[in-house]
$ cat protein-v1.cif   # mmCIF, C-alpha atoms
data_start
loop_
_atom_site.group_PDB
_atom_site.id
_atom_site.type_symbol
_atom_site.label_atom_id
_atom_site.label_comp_id
_atom_site.auth_asym_id
_atom_site.auth_seq_id
_atom_site.Cartn_x
_atom_site.Cartn_y
_atom_site.Cartn_z
ATOM 1 C CA MET A 1047 3.603 -7.043 -4.584
ATOM 2 C CA ASN A 1048 3.060 -10.243 -2.581
ATOM 3 C CA LEU A 1049 -0.144 -11.009 -0.729
ATOM 4 C CA ARG A 1050 1.372 -10.708 2.747
ATOM 5 C CA LYS A 1051 2.697 -7.235 2.015
ATOM 6 C CA ARG A 1052 -0.738 -6.158 0.774
ATOM 7 C CA GLN A 1053 -2.318 -7.454 3.983
ATOM 8 C CA VAL A 1054 0.140 -5.386 6.026
ATOM 9 C CA LEU A 1055 -0.827 -2.296 3.993
ATOM 10 C CA GLU A 1056 -4.528 -2.949 4.593
ATOM 11 C CA THR A 1057 -3.920 -3.376 8.319
ATOM 12 C CA ALA A 1058 -1.830 -0.210 8.497
ATOM 13 C CA LEU A 1059 -4.544 1.760 6.677
ATOM 14 C CA GLN A 1060 -7.190 0.551 9.144
ATOM 15 C CA LEU A 1061 -5.016 1.704 12.041
ATOM 16 C CA PHE A 1062 -4.267 5.074 10.418
ATOM 17 C CA ILE A 1063 -8.024 5.639 10.046
ATOM 18 C CA GLU A 1064 -8.895 4.467 13.583
ATOM 19 C CA LYS A 1065 -6.044 6.094 15.519
ATOM 20 C CA GLY A 1066 -4.674 8.719 13.146
ATOM 21 C CA PHE A 1067 -1.383 8.403 11.296
ATOM 22 C CA HIS A 1068 0.803 10.026 13.928
ATOM 23 C CA ASN A 1069 -0.824 8.110 16.799
ATOM 24 C CA THR A 1070 -0.183 4.755 15.120
ATOM 25 C CA SER A 1071 3.155 3.169 15.906
ATOM 26 C CA ILE A 1072 5.039 0.549 13.952
ATOM 27 C CA GLN A 1073 4.476 -1.752 16.932
ATOM 28 C CA ASP A 1074 0.712 -1.276 16.490
ATOM 29 C CA ILE A 1075 1.058 -2.421 12.881
ATOM 30 C CA LEU A 1076 3.227 -5.391 13.887
ATOM 31 C CA SER A 1077 0.764 -6.515 16.560
ATOM 32 C CA LYS A 1078 -2.335 -6.268 14.392
ATOM 33 C CA SER A 1079 -0.633 -7.773 11.333
ATOM 34 C CA MET A 1080 0.988 -10.504 13.428
ATOM 35 C CA ILE A 1081 4.367 -10.030 11.782
ATOM 36 C CA SER A 1082 7.864 -9.499 13.143
ATOM 37 C CA LYS A 1083 9.751 -6.210 13.060
ATOM 38 C CA GLY A 1084 12.181 -7.797 10.601
ATOM 39 C CA THR A 1085 9.350 -8.654 8.213
ATOM 40 C CA PHE A 1086 8.002 -5.090 8.368
ATOM 41 C CA TYR A 1087 11.406 -3.599 7.601
ATOM 42 C CA ASN A 1088 11.847 -6.085 4.791
ATOM 43 C CA TYR A 1089 8.796 -4.472 3.189
ATOM 44 C CA PHE A 1090 9.192 -0.819 4.254
ATOM 45 C CA SER A 1091 12.050 1.285 5.582
ATOM 46 C CA SER A 1092 9.684 3.324 7.783
ATOM 47 C CA LYS A 1093 6.066 4.031 8.671
ATOM 48 C CA ASN A 1094 6.191 6.895 6.170
ATOM 49 C CA GLU A 1095 7.198 4.541 3.367
ATOM 50 C CA CYS A 1096 4.333 2.245 4.352
ATOM 51 C CA PHE A 1097 1.904 5.152 3.931
ATOM 52 C CA MET A 1098 3.475 6.096 0.591
ATOM 53 C CA ALA A 1099 2.841 2.536 -0.614
ATOM 54 C CA ILE A 1100 -0.831 3.000 0.311
ATOM 55 C CA LEU A 1101 -0.912 6.192 -1.769
ATOM 56 C CA GLU A 1102 0.562 4.283 -4.687
ATOM 57 C CA GLN A 1103 -2.154 1.624 -4.459
ATOM 58 C CA VAL A 1104 -4.828 4.340 -4.457
ATOM 59 C CA ARG A 1105 -3.279 5.861 -7.599
ATOM 60 C CA TYR A 1106 -3.284 2.449 -9.281
ATOM 61 C CA GLU A 1107 -6.967 1.952 -8.542
ATOM 62 C CA ALA A 1108 -7.938 5.470 -9.656
ATOM 63 C CA SER A 1109 -5.971 5.090 -12.869
ATOM 64 C CA ILE A 1110 -7.541 1.781 -13.846
ATOM 65 C CA ARG A 1111 -11.078 3.025 -13.125
ATOM 66 C CA ARG A 1112 -10.425 6.070 -15.283
ATOM 67 C CA HIS A 1113 -9.132 3.953 -18.137
ATOM 68 C CA GLU A 1114 -12.262 1.810 -17.943
ATOM 69 C CA ILE A 1115 -14.527 4.880 -18.013
ATOM 70 C CA LEU A 1116 -12.743 6.256 -21.093
ATOM 71 C CA HIS A 1117 -12.427 2.971 -22.988
ATOM 72 C CA GLY A 1118 -14.636 3.032 -26.093
ATOM 73 C CA ASN A 1119 -15.773 6.613 -25.466
ATOM 74 C CA ASP A 1120 -14.871 9.962 -27.021
ATOM 75 C CA PRO A 1121 -11.920 11.547 -25.145
ATOM 76 C CA SER A 1122 -13.400 14.993 -25.860
ATOM 77 C CA ASP A 1123 -16.694 14.165 -24.106
ATOM 78 C CA GLU A 1124 -16.972 16.538 -21.130
ATOM 79 C CA ASN A 1125 -19.246 14.186 -19.188
ATOM 80 C CA ILE A 1126 -16.700 11.372 -19.464
ATOM 81 C CA LEU A 1127 -14.002 13.670 -18.076
ATOM 82 C CA ILE A 1128 -16.220 14.667 -15.141
ATOM 83 C CA GLU A 1129 -16.823 10.993 -14.329
ATOM 84 C CA GLN A 1130 -13.057 10.378 -14.466
ATOM 85 C CA ILE A 1131 -12.257 13.345 -12.219
ATOM 86 C CA ILE A 1132 -14.519 12.236 -9.396
ATOM 87 C CA VAL A 1133 -13.004 8.722 -9.310
ATOM 88 C CA LEU A 1134 -10.124 9.636 -7.001
ATOM 89 C CA MET A 1135 -12.436 11.636 -4.737
ATOM 90 C CA GLN A 1136 -14.729 8.614 -4.475
ATOM 91 C CA ILE A 1137 -11.832 6.284 -3.622
ATOM 92 C CA ASN A 1138 -10.534 8.687 -0.968
ATOM 93 C CA LYS A 1139 -14.036 8.768 0.540
ATOM 94 C CA GLU A 1140 -14.510 4.991 0.322
ATOM 95 C CA GLN A 1141 -11.210 4.367 2.118
ATOM 96 C CA ASN A 1142 -11.630 7.229 4.625
ATOM 97 C CA LEU A 1143 -8.380 8.830 3.494
ATOM 98 C CA VAL A 1144 -9.422 12.493 3.673
ATOM 99 C CA SER A 1145 -9.005 12.811 7.444
ATOM 100 C CA ILE A 1146 -5.526 11.207 7.203
ATOM 101 C CA PHE A 1147 -4.524 13.691 4.500
ATOM 102 C CA GLU A 1148 -5.771 16.629 6.549
ATOM 103 C CA GLY A 1149 -3.808 15.461 9.590
ATOM 104 C CA ILE A 1150 -0.614 15.134 7.559
ATOM 105 C CA PHE A 1151 -0.967 18.584 5.975
ATOM 106 C CA GLN A 1152 -1.418 20.084 9.440
ATOM 107 C CA SER A 1153 1.692 18.306 10.758
ATOM 108 C CA ASN A 1154 5.374 19.183 10.485
ATOM 109 C CA ASP A 1155 6.252 15.954 8.686
ATOM 110 C CA LEU A 1156 7.862 17.393 5.554
ATOM 111 C CA GLU A 1157 8.519 13.996 3.978
ATOM 112 C CA LEU A 1158 4.850 13.025 4.027
ATOM 113 C CA ARG A 1159 3.675 16.478 3.029
ATOM 114 C CA ASP A 1160 5.999 16.284 0.038
ATOM 115 C CA ALA A 1161 4.605 12.844 -0.818
ATOM 116 C CA LEU A 1162 1.050 14.197 -0.799
ATOM 117 C CA MET A 1163 2.155 17.165 -2.881
ATOM 118 C CA ARG A 1164 3.716 14.844 -5.469
ATOM 119 C CA ASN A 1165 0.446 12.946 -5.524
ATOM 120 C CA ARG A 1166 -1.388 16.191 -6.234
ATOM 121 C CA LEU A 1167 1.034 17.072 -9.004
ATOM 122 C CA ILE A 1168 0.398 13.703 -10.660
ATOM 123 C CA GLU A 1169 -3.305 14.518 -10.563
ATOM 124 C CA VAL A 1170 -2.710 18.018 -11.929
ATOM 125 C CA GLU A 1171 -0.577 16.650 -14.772
ATOM 126 C CA TRP A 1172 -3.203 14.037 -15.651
ATOM 127 C CA LEU A 1173 -5.977 16.648 -15.772
ATOM 128 C CA SER A 1174 -3.806 19.052 -17.748
ATOM 129 C CA ASN A 1175 -3.403 16.424 -20.471
ATOM 130 C CA ARG A 1176 -7.100 15.576 -20.418
ATOM 131 C CA PHE A 1177 -7.993 19.251 -20.808
ATOM 132 C CA VAL A 1178 -6.059 19.173 -24.096
ATOM 133 C CA ASP A 1179 -8.346 16.309 -25.216
ATOM 134 C CA ILE A 1180 -11.360 18.455 -24.348
ATOM 135 C CA PHE A 1181 -10.276 21.902 -25.534
ATOM 136 C CA GLY A 1182 -7.770 21.044 -28.280
ATOM 137 C CA GLU A 1183 -4.082 21.715 -28.885
ATOM 138 C CA GLU A 1184 -4.676 25.470 -28.829
ATOM 139 C CA ALA A 1185 -5.282 25.172 -25.084
ATOM 140 C CA ARG A 1186 -2.088 23.230 -24.252
ATOM 141 C CA PRO A 1187 -0.007 26.253 -23.072
ATOM 142 C CA TYR A 1188 -2.729 27.045 -20.522
ATOM 143 C CA THR A 1189 -4.016 23.673 -19.296
ATOM 144 C CA LEU A 1190 -1.518 23.229 -16.462
ATOM 145 C CA GLU A 1191 -2.598 26.489 -14.852
ATOM 146 C CA LEU A 1192 -6.229 25.650 -15.625
ATOM 147 C CA SER A 1193 -5.836 22.329 -13.783
ATOM 148 C CA ILE A 1194 -4.410 24.069 -10.721
ATOM 149 C CA LEU A 1195 -7.274 26.585 -10.766
ATOM 150 C CA PHE A 1196 -9.791 23.765 -11.180
ATOM 151 C CA PHE A 1197 -8.584 21.740 -8.180
ATOM 152 C CA GLY A 1198 -8.312 24.921 -6.108
ATOM 153 C CA MET A 1199 -11.953 25.704 -6.805
ATOM 154 C CA VAL A 1200 -13.079 22.161 -5.999
ATOM 155 C CA GLN A 1201 -11.140 22.082 -2.747
ATOM 156 C CA HIS A 1202 -12.202 25.467 -1.430
ATOM 157 C CA LEU A 1203 -15.834 25.170 -2.502
ATOM 158 C CA SER A 1204 -16.037 21.772 -0.766
ATOM 159 C CA MET A 1205 -14.357 23.016 2.423
ATOM 160 C CA SER A 1206 -16.479 26.184 2.556
ATOM 161 C CA PHE A 1207 -19.717 24.270 1.994
ATOM 162 C CA ARG A 1208 -18.861 21.927 4.871
ATOM 163 C CA THR A 1209 -18.018 24.916 7.099
ATOM 164 C CA PHE A 1210 -21.231 26.793 6.282
ATOM 165 C CA TYR A 1211 -23.715 23.906 6.269
ATOM 166 C CA GLY A 1212 -22.041 21.204 8.360
ATOM 167 C CA VAL A 1213 -22.475 18.545 5.675
ATOM 168 C CA THR A 1214 -20.475 17.329 2.701
ATOM 169 C CA VAL A 1215 -21.376 18.783 -0.677
ATOM 170 C CA ASP A 1216 -22.203 16.541 -3.614
ATOM 171 C CA VAL A 1217 -18.840 15.977 -5.298
ATOM 172 C CA LYS A 1218 -20.206 15.720 -8.817
ATOM 173 C CA LYS A 1219 -22.030 19.028 -8.469
ATOM 174 C CA VAL A 1220 -18.874 20.821 -7.306
ATOM 175 C CA VAL A 1221 -16.819 19.297 -10.140
ATOM 176 C CA LYS A 1222 -19.409 20.390 -12.713
ATOM 177 C CA ILE A 1223 -19.442 23.955 -11.370
ATOM 178 C CA ALA A 1224 -15.642 24.172 -11.327
ATOM 179 C CA PHE A 1225 -15.512 22.811 -14.866
ATOM 180 C CA ARG A 1226 -18.092 25.360 -16.007
ATOM 181 C CA ASN A 1227 -15.941 28.141 -14.561
ATOM 182 C CA ILE A 1228 -12.816 26.801 -16.258
ATOM 183 C CA LYS A 1229 -14.589 26.918 -19.620
ATOM 184 C CA VAL A 1230 -15.259 30.610 -19.052
ATOM 185 C CA VAL A 1231 -11.670 31.385 -18.030
ATOM 186 C CA LEU A 1232 -9.900 29.605 -20.902
ATOM 187 C CA PRO A 1233 -10.946 31.938 -23.793
ATOM 188 C CA GLU A 1234 -9.619 34.947 -21.869
ATOM 189 C CA MET A 1235 -6.315 33.173 -21.205
ATOM 190 C CA ILE A 1236 -5.962 32.388 -24.906
ATOM 191 C CA ALA A 1237 -6.924 35.920 -25.938
ATOM 192 C CA THR A 1238 -4.405 37.585 -23.608
ATOM 193 C CA ASN A 1239 -1.765 34.819 -23.676
ATOM 194 C CA ASP A 1240 -1.288 35.570 -19.996
ATOM 195 C CA VAL A 1241 -0.326 32.700 -17.683
ATOM 196 C CA ILE A 1242 1.590 32.490 -14.416
ATOM 197 C CA ILE A 1243 2.366 28.760 -14.582
ATOM 198 C CA GLY A 1244 3.339 27.613 -18.053
ATOM 199 C CA ALA A 1245 2.971 24.189 -19.621
ATOM 200 C CA GLY A 1246 6.573 23.144 -18.910
ATOM 201 C CA SER A 1247 6.607 24.105 -15.223
ATOM 202 C CA LEU A 1248 6.356 20.545 -13.917
ATOM 203 C CA GLN A 1249 9.723 19.785 -15.476
ATOM 204 C CA LEU A 1250 11.319 22.255 -13.066
ATOM 205 C CA ILE A 1251 10.495 20.033 -10.100
ATOM 206 C CA GLU A 1252 13.176 17.540 -9.143
ATOM 207 C CA GLY A 1253 11.853 13.993 -9.382
ATOM 208 C CA ASN A 1254 8.975 14.994 -11.654
ATOM 209 C CA THR A 1255 5.626 13.256 -11.762
ATOM 210 C CA HIS A 1256 6.213 10.841 -14.637
ATOM 211 C CA TYR A 1257 5.725 7.125 -14.157
ATOM 212 C CA GLN A 1258 8.676 4.784 -14.464
ATOM 213 C CA PRO A 1259 9.009 3.068 -17.867
ATOM 214 C CA ILE A 1260 6.957 -0.108 -18.179
ATOM 215 C CA THR A 1261 8.159 -2.721 -20.661
ATOM 216 C CA LYS A 1262 6.425 -5.728 -22.180
ATOM 217 C CA ASP A 1263 8.940 -8.075 -20.537
ATOM 218 C CA MET A 1264 8.217 -6.506 -17.150
ATOM 219 C CA ILE A 1265 4.477 -7.080 -17.559
ATOM 220 C CA LEU A 1266 4.924 -10.621 -18.866
ATOM 221 C CA ASN A 1267 7.069 -11.525 -15.853
ATOM 222 C CA LYS A 1268 4.431 -10.192 -13.485
ATOM 223 C CA LEU A 1269 1.562 -11.896 -15.321
ATOM 224 C CA GLU A 1270 3.401 -15.234 -15.368
ATOM 225 C CA GLY A 1271 4.170 -14.947 -11.650
ATOM 226 C CA PHE A 1272 0.536 -14.065 -10.984
ATOM 227 C CA LEU A 1273 -0.634 -17.044 -13.031
ATOM 228 C CA SER A 1274 1.642 -19.428 -11.121
ATOM 229 C CA GLU A 1275 -0.008 -18.296 -7.857
ATOM 230 C CA LEU A 1276 -3.521 -18.733 -9.268
ATOM 231 C CA GLN A 1277 -2.979 -22.263 -10.519
ATOM 232 C CA TYR A 1278 -2.945 -23.539 -6.945
ATOM 233 C CA GLU A 1279 -6.508 -22.218 -6.430
ATOM 234 C CA ASP A 1280 -9.391 -23.871 -8.260
ATOM 235 C CA ILE A 1281 -11.798 -21.012 -7.483
ATOM 236 C CA HIS A 1282 -10.126 -18.647 -9.973
ATOM 237 C CA THR A 1283 -10.863 -20.570 -13.188
ATOM 238 C CA VAL A 1284 -12.232 -17.529 -15.044
ATOM 239 C CA GLY A 1285 -9.432 -15.295 -13.819
ATOM 240 C CA ILE A 1286 -6.844 -17.874 -14.913
ATOM 241 C CA GLN A 1287 -8.336 -17.915 -18.414
ATOM 242 C CA PHE A 1288 -8.161 -14.130 -18.716
ATOM 243 C CA THR A 1289 -4.585 -14.106 -17.405
ATOM 244 C CA GLN A 1290 -3.532 -16.770 -19.907
ATOM 245 C CA THR A 1291 -5.194 -14.846 -22.750
ATOM 246 C CA LEU A 1292 -3.380 -11.642 -21.803
ATOM 247 C CA ILE A 1293 -0.053 -13.494 -21.777
ATOM 248 C CA GLU A 1294 -0.853 -14.951 -25.222
ATOM 249 C CA GLN A 1295 -1.682 -11.478 -26.571
ATOM 250 C CA LEU A 1296 1.572 -10.015 -25.277
ATOM 251 C CA THR A 1297 3.653 -12.804 -26.821
ATOM 252 C CA GLU A 1298 2.118 -12.364 -30.299
ATOM 253 C CA ASP A 1299 4.390 -10.869 -32.965
ATOM 254 C CA THR A 1300 1.966 -7.963 -33.377
ATOM 255 C CA LEU A 1301 0.353 -6.400 -30.320
ATOM 256 C CA ARG A 1302 -3.392 -5.957 -30.820
ATOM 257 C CA SER A 1303 -3.913 -3.115 -28.386
ATOM 258 C CA SER A 1304 -7.700 -3.005 -28.848
ATOM 259 C CA VAL A 1305 -7.961 -6.677 -27.840
ATOM 260 C CA VAL A 1306 -5.807 -6.139 -24.740
ATOM 261 C CA GLU A 1307 -7.894 -3.094 -23.736
ATOM 262 C CA ALA A 1308 -11.128 -5.066 -24.127
ATOM 263 C CA LEU A 1309 -9.772 -7.835 -21.885
ATOM 264 C CA LEU A 1310 -8.714 -5.634 -18.980
ATOM 265 C CA LYS A 1311 -12.064 -4.837 -17.384
ATOM 266 C CA PRO A 1312 -13.288 -8.475 -17.286
ATOM 267 C CA PHE A 1313 -9.806 -9.530 -16.114
ATOM 268 C CA ARG A 1314 -9.983 -7.133 -13.177
ATOM 269 C CA SER A 1315 -13.637 -7.925 -12.451
ATOM 270 C CA SER A 1316 -12.895 -11.643 -12.238
ATOM 271 C CA PHE A 1317 -10.826 -10.967 -9.107
ATOM 272 C CA SER A 1318 -13.199 -8.517 -7.389
ATOM 273 C CA ASN A 1319 -13.597 -9.192 -3.654
ATOM 274 C CA THR A 1320 -10.826 -11.794 -3.646
ATOM 275 C CA SER A 1321 -7.359 -11.797 -2.117
ATOM 276 C CA HIS A 1322 -5.957 -11.123 -5.601
ATOM 277 C CA GLU A 1323 -8.018 -7.997 -6.292
ATOM 278 C CA ALA A 1324 -5.234 -5.500 -5.499
ATOM 279 C CA GLU A 1325 -2.702 -7.290 -7.691
ATOM 280 C CA SER A 1326 -5.164 -7.520 -10.588
ATOM 281 C CA ILE A 1327 -5.675 -3.751 -10.331
ATOM 282 C CA GLU A 1328 -1.921 -3.165 -10.383
ATOM 283 C CA LEU A 1329 -1.472 -5.425 -13.420
ATOM 284 C CA SER A 1330 -4.401 -3.819 -15.247
ATOM 285 C CA ASN A 1331 -2.992 -0.378 -14.644
ATOM 286 C CA MET A 1332 0.424 -1.407 -15.975
ATOM 287 C CA LEU A 1333 -1.196 -2.883 -19.072
ATOM 288 C CA TRP A 1334 -3.302 0.235 -19.739
ATOM 289 C CA PHE A 1335 -0.196 2.389 -19.411
ATOM 290 C CA PHE A 1336 1.845 0.117 -21.697
ATOM 291 C CA VAL A 1337 -0.866 -0.053 -24.377
ATOM 292 C CA LYS A 1338 -1.379 3.723 -24.288
ATOM 293 C CA ASN A 1339 2.330 4.354 -24.869
ATOM 294 C CA PHE A 1340 2.452 1.652 -27.540
ATOM 295 C CA LYS A 1341 -0.323 3.374 -29.504
ATOM 296 C CA GLU A 1342 1.352 6.774 -29.181
ATOM 297 C CA ALA A 1343 4.786 5.493 -30.271
#
$ encode --input "protein-v1.cif" --output "structure tokens"
Amino acid sequence: MNLRKRQVLETALQLFIEKGFHNTSIQDILSKSMISKGTFYNYFSSKNECFMAILEQVRYEASIRRHEILHGNDPSDENILIEQIIVLMQINKEQNLVSIFEGIFQSNDLELRDALMRNRLIEVEWLSNRFVDIFGEEARPYTLELSILFFGMVQHLSMSFRTFYGVTVDVKKVVKIAFRNIKVVLPEMIATNDVIIGAGSLQLIEGNTHYQPITKDMILNKLEGFLSELQYEDIHTVGIQFTQTLIEQLTEDTLRSSVVEALLKPFRSSFSNTSHEAESIELSNMLWFFVKNFKEA
């Protein structure tokens, strides 16, 4: 994604927060971004698609933070999972997205409501797979329903706390309590073999939640394009070195996945608080996903 398009997304998000999604017009975005209508429609077919692109960027950032938390740690460590779970909640809070989500769910915009629901299903699928890491293969037939129960508890406990006390509850505390409850429920599910939503249920949904295939050639093309942009800017010397090293690793005859994983956090950190931060997050996420699938193949 080019820098100008990212700037339009950032501007649109600011307006959605300030005015509300439905009260923000495309003309508002054009005026604040200082772009033409033709440029906007070159990037997005509608305001809804613009918002969906923002959701995608949030998913990228959550995914890369979670990979970094897990890297070098035991996948079955419950505390690591709790830290990973709260990442998306923290990002939504940092970017003031919760009020936008609430407004969309209360609206009649079915397209956007469906987009948010798909986002939730991606989160449910991710947690379902992580629950298998925690509880073992024996739990796999039950982890999808467990994930749905978990997020339901987190959501309703958080909303009820805010209603009763007028303040926001500590997210980590709610997540820990919901996780504790899930651990109690699972043995009974296994003992009775009684589930409403089975492990394969996500496959019944048209346009399921899986990511599109990511190939080595695709990543190399993006990294090389990224590098060509950086070479015009002397201030990114460290970032250029990490980018070049990643390209070298991907062009080796044998992929050393552990080396690539170790490079990703410093690569991303080298672009923190710069105009290239969002693209470095996107590239890091693609690389994590590629390496994960490479190791599982």
$ closest_residue --input "protein-v1.cif" --among "A:Glu1140, A:Asp1155, A:Glu1307, A:Glu1270" --to "Ser1330 (chain A)" --atoms "only C-alpha atoms"
A:Glu1307
$ closest_residue --input "protein-v1.cif" --among "A:Ile1146, A:Ile1072, A:Leu1134, A:Leu1156" --to "Trp1172 (chain A)" --atoms "all atoms listed in the file"
A:Leu1134
$ resolve_selection --input "protein-v1.cif" --expression "the PyMOL selection byres ((chain A and resi 1160) around 12)" --output "JSON, numbers by chain"
{"A": [1094, 1098, 1147, 1150, 1151, 1153, 1154, 1155, 1156, 1157, 1158, 1159, 1161, 1162, 1163, 1164, 1165, 1166, 1167, 1251, 1252, 1253]}
$ closest_residue --input "protein-v1.cif" --among "A:Ile1131, A:Leu1195, A:Val1230, A:Leu1173" --to "Val1217 (chain A)" --atoms "only C-alpha atoms"
A:Ile1131
$ resolve_selection --input "protein-v1.cif" --expression "the PyMOL selection byres ((chain A and resi 1178-1181) around 12)" --output "VMD selection string"
chain A and resid 1116 1120 to 1128 1171 to 1177 1182 to 1190 1192 to 1193 1225 1228 to 1230 1232 to 1233 1236 1245
$ residues_around --input "protein-v1.cif" --residues "Ile1115 (chain A)" --least-positions-apart "2" --cutoff "9 Å" --atoms "only C-alpha atoms" --output "ChimeraX atom specification"
/A:1110-1113,1117-1119,1126-1127,1129-1130
$ atom_distance --input "protein-v1.cif" --atom1 "CA of Phe1288 (chain A)" --atom2 "CA of Met1332 (chain A)"
15.6 Å
$ resolve_selection --input "protein-v1.cif" --expression "the PyMOL selection byres ((chain A and resi 1260) around 8)" --output "list in words"
Gln1258, Pro1259, Thr1261, Lys1262, Met1264, Ile1265, Met1332, Phe1335 and Phe1336 of chain A
$ atom_distance --input "protein-v1.cif" --atom1 "CA of Gln1295 (chain A)" --atom2 "CA of Val1133 (chain A)"
28.9 Å
$ closest_residue --input "protein-v1.cif" --among "A:Val1337, A:Met1235, A:Val1104, A:Val1284" --to "Pro1312 (chain A)" --atoms "all atoms listed in the file"
A:Val1284
$ closest_residue --input "protein-v1.cif" --among "A:Lys1311, A:Ile1137, A:Lys1218, A:Thr1297" --to "Tyr1106 (chain A)" --atoms "only C-alpha atoms"
A:Ile1137
$ residues_near_point --input "protein-v1.cif" --point "(-5.4, -3.5, -19.8)" --cutoff "7 Å" --atoms "only C-alpha atoms" --output "VMD selection string"
chain A and resid 1306 to 1307 1309 to 1310 1330 to 1331 1333 to 1334
$ write_last_selection --input "protein-v1.cif" --atoms "C-alpha atoms" --output "compact mmCIF listing (two decimals), in the frame of the given file"
# COMPACT_ATOMS: atom_id res chain seq x y z
CA VAL A 1306 -5.81 -6.14 -24.74
CA GLU A 1307 -7.89 -3.09 -23.74
CA LEU A 1309 -9.77 -7.84 -21.88
CA LEU A 1310 -8.71 -5.63 -18.98
CA SER A 1330 -4.40 -3.82 -15.25
CA ASN A 1331 -2.99 -0.38 -14.64
CA LEU A 1333 -1.20 -2.88 -19.07
CA TRP A 1334 -3.30 0.24 -19.74
$ atom_distance --input "protein-v1.cif" --atom1 "CA of Ile1242 (chain A)" --atom2 "CA of Glu1191 (chain A)"
7.3 Å
$ residues_around --input "protein-v1.cif" --residues "region 1200-1216 of chain A" --least-positions-apart "6" --cutoff "12 Å" --atoms "all atoms listed in the file" --output "list in words"
Ile1131, Ile1132, Met1135, Gln1136, Lys1139, Val1144, Glu1148, Arg1166, Ser1193, Ile1194, Lys1222, Ile1223, Ala1224, Phe1225, Arg1226, Asn1227 and Ile1228 of chain A
$ closest_residue --input "protein-v1.cif" --among "A:His1282, A:Val1231, A:Glu1095, A:Leu1248" --to "Val1170 (chain A)" --atoms "only C-alpha atoms"
A:Leu1248
$ residues_around --input "protein-v1.cif" --residues "Phe1317 (chain A)" --least-positions-apart "3" --cutoff "12 Å" --atoms "all atoms listed in the file" --output "list in words"
Phe1272, Leu1276, Ile1281, His1282, Thr1283, Val1284, Gly1285, Ile1286, Gln1287, Phe1288, Thr1289, Leu1310, Lys1311, Pro1312, Phe1313, Arg1314, Thr1320, Ser1321, His1322, Glu1323, Ala1324, Glu1325, Ser1326, Ile1327, Glu1328, Leu1329 and Ser1330 of chain A
$ residues_around --input "protein-v1.cif" --residues "Ile1100 (chain A)" --least-positions-apart "2" --cutoff "9 Å" --atoms "all atoms listed in the file" --output "count of residues only"
12
$ residues_around --input "protein-v1.cif" --residues "Leu1061 (chain A)" --least-positions-apart "3" --cutoff "10 Å" --atoms "only C-alpha atoms" --output "JSON, numbers by chain"
{"A": [1055, 1056, 1057, 1058, 1064, 1065, 1066, 1067, 1069, 1070, 1071, 1074, 1075, 1078]}
$ axis_aligned_box --input "protein-v1.cif" --around "region 1122-1139 of chain A" --padding-each-side "6 Å" --output "JSON"
{"center_x": -14.7, "center_y": 11.4, "center_z": -12.7, "size_x": 21.1, "size_y": 22.3, "size_z": 38.4}
$ decode --input "protein-v1.cif" --residues "region 1287-1295 of chain A" --atoms "N, CA, C and O atoms" --output "compact mmCIF listing (two decimals), in the first residue's frame"
# COMPACT_ATOMS: atom_id res chain seq x y z
N GLN A 1287 19.22 -1.71 6.20
CA GLN A 1287 20.05 -2.89 6.46
C GLN A 1287 19.20 -4.10 6.80
O GLN A 1287 19.44 -5.21 6.30
N PHE A 1288 18.19 -3.91 7.64
CA PHE A 1288 17.30 -5.02 7.98
C PHE A 1288 16.52 -5.50 6.77
O PHE A 1288 16.33 -6.70 6.57
N THR A 1289 16.06 -4.57 5.94
CA THR A 1289 15.31 -4.94 4.74
C THR A 1289 16.18 -5.74 3.79
O THR A 1289 15.76 -6.77 3.24
N GLN A 1290 17.43 -5.29 3.60
CA GLN A 1290 18.35 -6.01 2.72
C GLN A 1290 18.63 -7.42 3.25
O GLN A 1290 18.69 -8.39 2.49
N THR A 1291 18.79 -7.53 4.56
CA THR A 1291 19.06 -8.84 5.17
C THR A 1291 17.88 -9.79 5.00
O THR A 1291 18.07 -10.98 4.71
N LEU A 1292 16.67 -9.27 5.14
CA LEU A 1292 15.49 -10.12 4.93
C LEU A 1292 15.42 -10.60 3.48
O LEU A 1292 15.10 -11.77 3.22
N ILE A 1293 15.71 -9.72 2.54
CA ILE A 1293 15.71 -10.12 1.13
C ILE A 1293 16.76 -11.22 0.89
O ILE A 1293 16.49 -12.21 0.21
N GLU A 1294 17.95 -11.04 1.49
CA GLU A 1294 19.01 -12.05 1.34
C GLU A 1294 18.57 -13.40 1.90
O GLU A 1294 18.82 -14.45 1.29
N GLN A 1295 17.89 -13.37 3.06
CA GLN A 1295 17.43 -14.62 3.67
C GLN A 1295 16.40 -15.33 2.79
O GLN A 1295 16.41 -16.56 2.68
